[in-house]
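Take a look at the structure set out below.
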Amino acid sequence: MPRRLVPHAVAALVTAVVLAPLALPGYVLRYDMVFVPRQPLNWEMIAPADALPRAVPLDAVVSAANLLVPGWLLQRVALVAVVYLAALGAARLLPTARTMPRVVAALAYAWTPYLAERLLLGQWALLLAYAALPWLVSAARDLRAGRPGALARLVLAAAPAALTPTGGLIALLTVAVLLPLRSRVTALAVAAVAALNAPWLLAALASAAGGSSDPEGVAMFAARAENWAGSWLALAGTGGIWNAQTVPASRSSVLVPVVTVLLLAVAVPGLRELRRRWPGGADRLFVLAAGGFVLAAAGATGPTVAALEWLVVHVPGAGLLRDGQKFLIPYALVVALGFALGAELLADRLARRFEPAAGRVLLAGAMLLPVVVMPDLAFGGAGALRPVRYPADWDAVAARVAAVPGEVLSLPFEGYQRYDWTRGVVVRDPAPRYLDAPVLMNDALRVGTVTVDGESPRATAAQALLAEGRPAAELGVRWVLVRKGAVAGPPAGVLTGLRLVHDGPYLQLWENPAAPQTTRTAAAGRRIPALAAHLLAGSFVVCAGLAVLRLRRRSWYGPRTHESGEEKTWPSWPPS
Amino acid sequence: MAKLATFVVAAVAGGVLGIVGILATVGAVSPSADHVASIETSDTEPAAYGTR
């Protein structure tokens, strides 16, 4: 096999091993990961009227893609892209001409606790930012070096990251930190990535949800310990997600902290080598990684907890910082690159001292280490990503609602629930994505026995009304959807005045004959700017794609930096 | 001498990977209830987004 194809083959193999269960038919529904057969494109996807735009522009992009591709296929394309591009991106970014260290980097970045834990929490769009980061760094490096097409490639790499506010923010910071200050090119690049962030920023302005969040979320979503070594070492190993339900079981092994220390010990000389090979650029990447680590650790201990609590209450949008572990993405990339280069240095030393085979054995061990320490990422997190089928009730209810559009109240009034048909897996309410209508759902989040309040004033009002047992019809909704799951259904008084129009084994749909004819959406003066921002971001991506195509590069993602057998061709970063 | 060194490197690397792998697999198969709850039914709250 040609050497340049080896990283592709490794990326494909890792993807196949991690996502093997997706060969089965159906949808993987898990926590935040909700794909539906055909997601409608409506104003709620572009500018949510009452909720914070946590899935903007993600929902609009998925809805638009759903016009061409069915949901089950779209889900597979997205998840394959996450794992494949993460592995390949890290392999290509490593400043070396040798193949085995590239493979070490691929596995060290694509087989991480971060990827496993966020995948098991269903945050696939955040993982697109994870997969995009090596490509974004590569494009920023080329932009500094003045290579043709680098700006267009930077926009294309930032685009998948900017599908969520967190990813977009990480992409924007990456570009701002890696590119030199006071440069016209930097201004252009920052402006382009800011434009990619415009949809969620303008949607936030269009929403009736307040910008402040419940400070209780800081403690609930803070990084947590996964074994005896505490939360800081869990973060150092790129783990430490807040949710114990989405942690691979192997993370509790007593040896995990030891392996983390070993990995970091190998990475430290590798990072020194990275500075030597990328003068200026590596330092900037380290700053980015350190900033991400500080954010990740801020909610866990110390005086920063109080500061974060103050921020999320008083600074609009600061709620993004509550789940700080998600900002570990640049740190994970730096550790992967350092580990691969450190292993390469060690292998060189062994090869020089003894024979080349000794170095190759060590590199093979470094390749396998991430897999061996967390074997249960294989096969969809040891079976956690098994696809399921939606009950036929969902199509029947969607058709009813589409025939007479109007706001839907989704009961039980819980945003997340486990169902028999998901094999007991907790999943976000599919109604907002399955039904072509605004859905009033609870945006408060239960973490154990603690409830972290949501931001939607309308959801808060609905919660108060339902808690008093008053009729749901008083909310003025057209439809009430009752999802039969592990949570008990609503008391009879809540359904007073409603007419049952669908009664299936999994769903009931009740109609409110007295509902007003108007559909609740954000005011036109607010949603039009959000739509314009979507179109602007989309036009940037289309123009960048066309520019890359016009340049007729050998590959869309970046120029080849070396030929087979060529030893020292990786370009240095221009001095800062 | 060189061959012996390669054998030693392979033995050490294999030993470390083996021990780590066995312990990780044992942990994955029988997780500690204190730390890990990736089995959904261990959470008694049916509408929880997660537990710490």
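Scheme for the structure tokens: letters A, B, ... for chains in order shown; per-chain residue numbers from 1; ligand numbers from 1 in order shown.
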With the cut-off set at 7 Å and counting only C-alpha atoms, tabulate each residue of chain A with an atom at most that distance from an atom of chain B, showing the nearest atom pair and its distance in Å to one decimal, ordered by chain and increasing number, as a Markdown table.
| residue | atom | partner | partner_atom | distance |
| --- | --- | --- | --- | --- |
| A:Glu226 | CA | B:His35 | CA | 5.9 |
| A:Asn227 | CA | B:His35 | CA | 6.4 |
| A:Trp242 | CA | B:Arg52 | CA | 6.1 |
| A:Asn243 | CA | B:Gly50 | CA | 5.3 |
| A:Ala244 | CA | B:Arg52 | CA | 5.2 |
| A:Gln245 | CA | B:Ser38 | CA | 4.5 |
| A:Thr246 | CA | B:Ser38 | CA | 5.6 |
| A:Val247 | CA | B:Ser38 | CA | 6.2 |
| A:Pro248 | CA | B:Ser38 | CA | 6.6 |
| A:Ala249 | CA | B:Ala28 | CA | 4.4 |
| A:Ser250 | CA | B:Ala28 | CA | 4.4 |
| A:Ser252 | CA | B:His35 | CA | 6.3 |
| A:Ser253 | CA | B:Gly27 | CA | 5.4 |
| A:Leu255 | CA | B:Val20 | CA | 6.5 |
| A:Phe354 | CA | B:Ala2 | CA | 4.6 |
| A:Glu355 | CA | B:Ala2 | CA | 5.8 |
| A:Ala357 | CA | B:Thr6 | CA | 6.5 |
| A:Ala358 | CA | B:Thr6 | CA | 4.4 |
| A:Val361 | CA | B:Ala10 | CA | 6.0 |
| A:Leu362 | CA | B:Ala13 | CA | 6.8 |
| A:Gly365 | CA | B:Ala13 | CA | 5.8 |
| A:Leu369 | CA | B:Leu17 | CA | 6.5 |
| A:Val372 | CA | B:Gly21 | CA | 4.7 |
| A:Val373 | CA | B:Gly21 | CA | 5.7 |
| A:Met374 | CA | B:Ala24 | CA | 6.4 |
| A:Pro375 | CA | B:Thr25 | CA | 6.6 |
| A:Asp376 | CA | B:Ala28 | CA | 6.5 |
| A:Glu414 | CA | B:Ala47 | CA | 6.4 |
| A:Tyr416 | CA | B:Ala47 | CA | 5.4 |
| A:Gln417 | CA | B:Ala47 | CA | 4.4 |
| A:Arg418 | CA | B:Pro46 | CA | 6.0 |
| A:Gly424 | CA | B:Glu40 | CA | 6.6 |
| A:Val425 | CA | B:Glu40 | CA | 6.1 |
| A:Leu445 | CA | B:Tyr49 | CA | 6.1 |
| A:Arg446 | CA | B:Ala48 | CA | 4.7 |
| A:Val447 | CA | B:Gly50 | CA | 5.1 |
| A:Gly448 | CA | B:Thr51 | CA | 4.5 |
| A:Ala486 | CA | B:Pro46 | CA | 5.6 |
| A:Val487 | CA | B:Pro46 | CA | 6.1 |
Mind dumping the selected residues with N, CA and C atoms as a JSON list (two decimals), in the first residue's frame?
[["chain", "number", "residue", "atom", "x", "y", "z"],
["A", 226, "GLU", "N", -13.35, 10.18, 37.37],
["A", 226, "GLU", "CA", -13.80, 8.91, 36.79],
["A", 226, "GLU", "C", -13.20, 7.71, 37.50],
["A", 227, "ASN", "N", -12.28, 7.98, 38.39],
["A", 227, "ASN", "CA", -11.62, 6.91, 39.15],
["A", 227, "ASN", "C", -10.98, 7.56, 40.37],
["A", 242, "TRP", "N", -19.33, 15.37, 32.69],
["A", 242, "TRP", "CA", -20.14, 15.49, 33.91],
["A", 242, "TRP", "C", -21.05, 14.29, 34.11],
["A", 243, "ASN", "N", -21.42, 13.60, 33.04],
["A", 243, "ASN", "CA", -22.47, 12.58, 33.12],
["A", 243, "ASN", "C", -21.88, 11.18, 33.30],
["A", 244, "ALA", "N", -22.11, 10.60, 34.46],
["A", 244, "ALA", "CA", -21.57, 9.26, 34.74],
["A", 244, "ALA", "C", -22.18, 8.21, 33.83],
["A", 245, "GLN", "N", -23.35, 8.52, 33.25],
["A", 245, "GLN", "CA", -24.03, 7.55, 32.41],
["A", 245, "GLN", "C", -23.36, 7.38, 31.04],
["A", 246, "THR", "N", -22.49, 8.31, 30.68],
["A", 246, "THR", "CA", -21.92, 8.27, 29.34],
["A", 246, "THR", "C", -20.41, 8.08, 29.37],
["A", 247, "VAL", "N", -19.93, 7.47, 30.43],
["A", 247, "VAL", "CA", -18.49, 7.22, 30.56],
["A", 247, "VAL", "C", -18.22, 5.75, 30.26],
["A", 248, "PRO", "N", -17.32, 5.46, 29.33],
["A", 248, "PRO", "CA", -16.99, 4.04, 29.11],
["A", 248, "PRO", "C", -16.55, 3.40, 30.42],
["A", 249, "ALA", "N", -17.00, 2.20, 30.65],
["A", 249, "ALA", "CA", -16.74, 1.55, 31.94],
["A", 249, "ALA", "C", -15.25, 1.39, 32.22],
["A", 250, "SER", "N", -14.46, 1.24, 31.18],
["A", 250, "SER", "CA", -13.03, 1.03, 31.39],
["A", 250, "SER", "C", -12.35, 2.25, 32.02],
["A", 252, "SER", "N", -12.99, 3.50, 34.68],
["A", 252, "SER", "CA", -12.90, 3.32, 36.13],
["A", 252, "SER", "C", -11.72, 2.44, 36.52],
["A", 253, "SER", "N", -11.01, 1.90, 35.54],
["A", 253, "SER", "CA", -9.89, 1.01, 35.83],
["A", 253, "SER", "C", -8.83, 1.74, 36.66],
["A", 255, "LEU", "N", -5.78, 1.50, 36.55],
["A", 255, "LEU", "CA", -4.57, 1.84, 35.80],
["A", 255, "LEU", "C", -4.73, 3.06, 34.89],
["A", 354, "PHE", "N", 20.00, 0.40, 19.16],
["A", 354, "PHE", "CA", 19.98, -1.04, 18.93],
["A", 354, "PHE", "C", 19.77, -1.34, 17.44],
["A", 355, "GLU", "N", 18.52, -1.48, 17.02],
["A", 355, "GLU", "CA", 18.23, -1.75, 15.60],
["A", 355, "GLU", "C", 16.86, -1.15, 15.27],
["A", 357, "ALA", "N", 14.18, -2.30, 14.20],
["A", 357, "ALA", "CA", 13.00, -3.05, 14.63],
["A", 357, "ALA", "C", 12.57, -2.67, 16.04],
["A", 358, "ALA", "N", 13.53, -2.33, 16.90],
["A", 358, "ALA", "CA", 13.18, -1.96, 18.28],
["A", 358, "ALA", "C", 12.33, -0.70, 18.27],
["A", 361, "VAL", "N", 8.78, -1.52, 17.08],
["A", 361, "VAL", "CA", 8.00, -2.19, 18.13],
["A", 361, "VAL", "C", 7.44, -1.16, 19.09],
["A", 362, "LEU", "N", 8.27, -0.17, 19.46],
["A", 362, "LEU", "CA", 7.79, 0.85, 20.39],
["A", 362, "LEU", "C", 6.66, 1.67, 19.77],
["A", 365, "GLY", "N", 3.52, -0.23, 19.92],
["A", 365, "GLY", "CA", 2.94, -0.18, 21.26],
["A", 365, "GLY", "C", 2.22, 1.14, 21.50],
["A", 369, "LEU", "N", -1.77, 1.72, 22.51],
["A", 369, "LEU", "CA", -2.05, 2.12, 23.90],
["A", 369, "LEU", "C", -3.44, 2.75, 24.09],
["A", 372, "VAL", "N", -6.03, -0.05, 23.89],
["A", 372, "VAL", "CA", -5.96, -1.04, 24.96],
["A", 372, "VAL", "C", -6.50, -0.47, 26.28],
["A", 373, "VAL", "N", -6.25, 0.82, 26.51],
["A", 373, "VAL", "CA", -6.69, 1.38, 27.79],
["A", 373, "VAL", "C", -8.20, 1.67, 27.78],
["A", 374, "MET", "N", -8.80, 1.75, 26.61],
["A", 374, "MET", "CA", -10.25, 1.99, 26.54],
["A", 374, "MET", "C", -10.86, 1.11, 25.45],
["A", 375, "PRO", "N", -10.84, -0.22, 25.68],
["A", 375, "PRO", "CA", -11.32, -1.11, 24.62],
["A", 375, "PRO", "C", -12.82, -0.98, 24.36],
["A", 376, "ASP", "N", -13.54, -0.45, 25.33],
["A", 376, "ASP", "CA", -15.00, -0.42, 25.18],
["A", 376, "ASP", "C", -15.53, 0.76, 24.37],
["A", 414, "GLU", "N", -41.10, 16.61, 30.26],
["A", 414, "GLU", "CA", -39.69, 16.29, 30.54],
["A", 414, "GLU", "C", -38.95, 16.29, 29.21],
["A", 416, "TYR", "N", -36.11, 14.93, 28.51],
["A", 416, "TYR", "CA", -35.42, 13.65, 28.26],
["A", 416, "TYR", "C", -36.21, 12.54, 28.94],
["A", 417, "GLN", "N", -36.22, 11.39, 28.31],
["A", 417, "GLN", "CA", -36.98, 10.27, 28.87],
["A", 417, "GLN", "C", -36.44, 8.98, 28.27],
["A", 418, "ARG", "N", -36.60, 7.89, 29.01],
["A", 418, "ARG", "CA", -36.27, 6.58, 28.42],
["A", 418, "ARG", "C", -37.56, 5.89, 27.99],
["A", 424, "GLY", "N", -34.65, 1.33, 26.56],
["A", 424, "GLY", "CA", -34.35, 1.92, 27.86],
["A", 424, "GLY", "C", -33.31, 3.02, 27.83],
["A", 425, "VAL", "N", -32.89, 3.43, 26.65],
["A", 425, "VAL", "CA", -31.88, 4.49, 26.56],
["A", 425, "VAL", "C", -32.57, 5.85, 26.67],
["A", 445, "LEU", "N", -33.27, 20.73, 32.92],
["A", 445, "LEU", "CA", -32.51, 19.48, 32.82],
["A", 445, "LEU", "C", -32.38, 18.85, 34.19],
["A", 446, "ARG", "N", -32.75, 17.59, 34.28],
["A", 446, "ARG", "CA", -32.60, 16.86, 35.54],
["A", 446, "ARG", "C", -31.24, 16.18, 35.56],
["A", 447, "VAL", "N", -30.46, 16.48, 36.57],
["A", 447, "VAL", "CA", -29.18, 15.78, 36.76],
["A", 447, "VAL", "C", -29.28, 15.08, 38.11],
["A", 448, "GLY", "N", -29.50, 13.77, 38.07],
["A", 448, "GLY", "CA", -29.79, 13.05, 39.30],
["A", 448, "GLY", "C", -31.10, 13.58, 39.87],
["A", 486, "ALA", "N", -41.17, 5.77, 30.35],
["A", 486, "ALA", "CA", -40.93, 5.39, 31.74],
["A", 486, "ALA", "C", -41.56, 6.35, 32.73],
["A", 487, "VAL", "N", -41.89, 7.57, 32.25],
["A", 487, "VAL", "CA", -42.50, 8.55, 33.14],
["A", 487, "VAL", "C", -44.02, 8.41, 33.04]]
### Query
Which neighbours of Ala51 in chain A fall inside 12 Å, counting only C-alpha atoms, when residues of the same chain fewer than 5 positions from it are skipped, and could you give them as a PyMOL selection string?
chain A and resi 44-46+56+200+203-211+213+432+438-444+454-460+521-522
### Residues within 12 Å of Leu337 in chain A, only C-alpha atoms, excluding chain neighbours under 3 positions, as a VMD selection string
chain A and resid 87 89 to 96 101 to 110 134 263 to 264 266 to 275 277 to 278 282 285 to 286 289 330 to 334 340 to 344
### Task
Step one, run DSSP on the backbone; step two, keep only residues of range 343-416 of chain A assigned to strand (DSSP E); then write them as a PyMOL selection string.
chain A and resi 408-411+416
### Query
If you run DSSP on the backbone, which residues of range 219-453 of chain A are alpha helix (DSSP H), as a VMD selection string?
chain A and resid 219 to 220 230 to 236 256 to 277 281 to 298 304 to 314 329 to 353 356 to 373 378 to 383 393 to 403 431 to 434
Please save C-alpha atoms of the selected residues as a compact mmCIF listing (two decimals), in the first residue's frame.
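Output contents, as saved in out.txt:
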# COMPACT_ATOMS: atom_id res chain seq x y z
CA ALA A 219 -21.84 22.37 39.70
CA MET A 220 -24.01 19.87 37.87
CA GLY A 230 -9.81 12.99 40.71
CA SER A 231 -11.27 15.29 38.10
CA TRP A 232 -8.05 17.09 37.11
CA LEU A 233 -6.32 13.91 36.01
CA ALA A 234 -9.51 12.80 34.29
CA LEU A 235 -9.38 16.05 32.30
CA ALA A 236 -5.66 15.59 31.65
CA VAL A 256 -6.18 4.66 33.81
CA PRO A 257 -4.47 7.46 35.77
CA VAL A 258 -1.14 5.64 35.46
CA VAL A 259 -1.54 5.36 31.71
CA THR A 260 -2.56 9.03 31.55
CA VAL A 261 0.65 10.00 33.33
CA LEU A 262 2.66 7.73 31.00
CA LEU A 263 1.00 9.29 27.97
CA LEU A 264 1.74 12.80 29.21
CA ALA A 265 5.31 11.84 30.06
CA VAL A 266 5.84 10.72 26.47
CA ALA A 267 4.03 13.83 25.18
CA VAL A 268 6.22 16.38 27.02
CA PRO A 269 9.39 15.81 24.95
CA GLY A 270 7.12 15.51 21.94
CA LEU A 271 5.73 18.98 22.59
CA ARG A 272 9.26 20.37 22.80
CA GLU A 273 9.90 18.79 19.42
CA LEU A 274 6.64 20.27 18.13
CA ARG A 275 7.92 23.75 19.11
CA ARG A 276 11.12 23.06 17.21
CA ARG A 277 9.31 21.92 14.08
CA GLY A 281 2.79 28.22 15.61
CA ALA A 282 3.14 25.50 18.23
CA ASP A 283 3.27 28.08 21.02
CA ARG A 284 0.01 29.58 19.83
CA LEU A 285 -1.57 26.13 19.74
CA PHE A 286 -0.38 25.54 23.31
CA VAL A 287 -2.01 28.80 24.42
CA LEU A 288 -5.27 27.66 22.88
CA ALA A 289 -5.02 24.24 24.55
CA ALA A 290 -4.15 25.75 27.92
CA GLY A 291 -7.11 28.11 27.69
CA GLY A 292 -9.41 25.19 26.93
CA PHE A 293 -8.06 23.19 29.85
CA VAL A 294 -8.55 26.11 32.25
CA LEU A 295 -12.16 26.47 31.10
CA ALA A 296 -12.69 22.74 31.53
CA ALA A 297 -11.28 22.76 35.05
CA ALA A 298 -12.90 26.04 36.09
CA THR A 304 -13.42 29.87 39.71
CA VAL A 305 -16.69 28.09 40.53
CA ALA A 306 -18.15 31.22 42.13
CA ALA A 307 -16.87 33.32 39.25
CA LEU A 308 -18.53 31.00 36.74
CA GLU A 309 -21.79 31.07 38.66
CA TRP A 310 -21.74 34.86 38.60
CA LEU A 311 -20.97 34.85 34.87
CA VAL A 312 -23.79 32.51 33.85
CA VAL A 313 -26.31 34.60 35.76
CA HIS A 314 -25.15 38.09 34.75
CA ILE A 329 -10.79 19.91 22.08
CA PRO A 330 -7.56 21.90 21.42
CA TYR A 331 -5.94 20.24 24.44
CA ALA A 332 -6.81 16.79 23.07
CA LEU A 333 -5.20 17.70 19.74
CA VAL A 334 -2.03 19.00 21.40
CA VAL A 335 -1.71 15.88 23.55
CA ALA A 336 -2.18 13.62 20.53
CA LEU A 337 0.47 15.47 18.51
CA GLY A 338 2.86 15.55 21.47
CA PHE A 339 2.38 11.87 22.20
CA ALA A 340 3.02 10.90 18.58
CA LEU A 341 6.14 13.03 18.31
CA GLY A 342 7.37 11.84 21.72
CA ALA A 343 6.93 8.24 20.63
CA GLU A 344 8.79 9.03 17.40
CA LEU A 345 11.73 10.51 19.36
CA LEU A 346 11.87 7.50 21.67
CA ALA A 347 11.67 5.13 18.74
CA ASP A 348 14.50 6.97 16.98
CA ARG A 349 16.65 6.70 20.07
CA LEU A 350 16.00 2.96 20.37
CA ALA A 351 16.61 2.44 16.66
CA ARG A 352 19.93 4.25 16.82
CA ARG A 353 21.04 2.46 19.98
CA PRO A 356 15.33 -0.24 13.61
CA ALA A 357 13.00 -3.05 14.63
CA ALA A 358 13.18 -1.96 18.28
CA GLY A 359 11.90 1.50 17.32
CA ARG A 360 9.09 0.04 15.25
CA VAL A 361 8.00 -2.19 18.13
CA LEU A 362 7.79 0.85 20.39
CA LEU A 363 5.73 2.78 17.85
CA ALA A 364 3.40 -0.19 17.48
CA GLY A 365 2.94 -0.18 21.26
CA ALA A 366 2.21 3.56 21.21
CA MET A 367 -0.39 3.01 18.49
CA LEU A 368 -2.20 0.38 20.51
CA LEU A 369 -2.05 2.12 23.90
CA PRO A 370 -5.19 4.32 23.48
CA VAL A 371 -7.16 1.30 22.27
CA VAL A 372 -5.96 -1.04 24.96
CA VAL A 373 -6.69 1.38 27.79
CA ALA A 378 -15.12 -0.41 20.03
CA PHE A 379 -18.39 -1.57 18.49
CA GLY A 380 -20.31 1.56 19.27
CA GLY A 381 -19.15 1.93 22.85
CA ALA A 382 -19.62 -1.79 23.54
CA GLY A 383 -23.12 -1.83 22.05
CA ASP A 393 -47.18 6.08 15.91
CA TRP A 394 -44.69 8.83 15.14
CA ASP A 395 -45.57 8.94 11.43
CA ALA A 396 -49.28 8.86 12.20
CA VAL A 397 -49.00 11.76 14.66
CA ALA A 398 -46.73 13.75 12.33
CA ALA A 399 -49.31 13.43 9.53
CA ARG A 400 -52.12 14.62 11.83
CA VAL A 401 -50.15 17.64 12.98
CA ALA A 402 -49.02 18.51 9.45
CA ALA A 403 -52.66 18.53 8.31
CA ALA A 431 -41.14 15.74 18.80
CA PRO A 432 -39.50 19.09 17.87
CA ARG A 433 -37.63 17.38 15.04
CA TYR A 434 -40.29 14.88 13.99
### Query
Do you have the CA of Ala222 in chain A-CA of Leu321 in chain A distance handy?
9.7 Å
### Task
May I ask for the distance between CA of Arg30 in chain A and CA of Val426 in chain A, given in Å to one decimal place?
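Separating CA of Arg30 in chain A from CA of Val426 in chain A is a distance of 6.1 Å.
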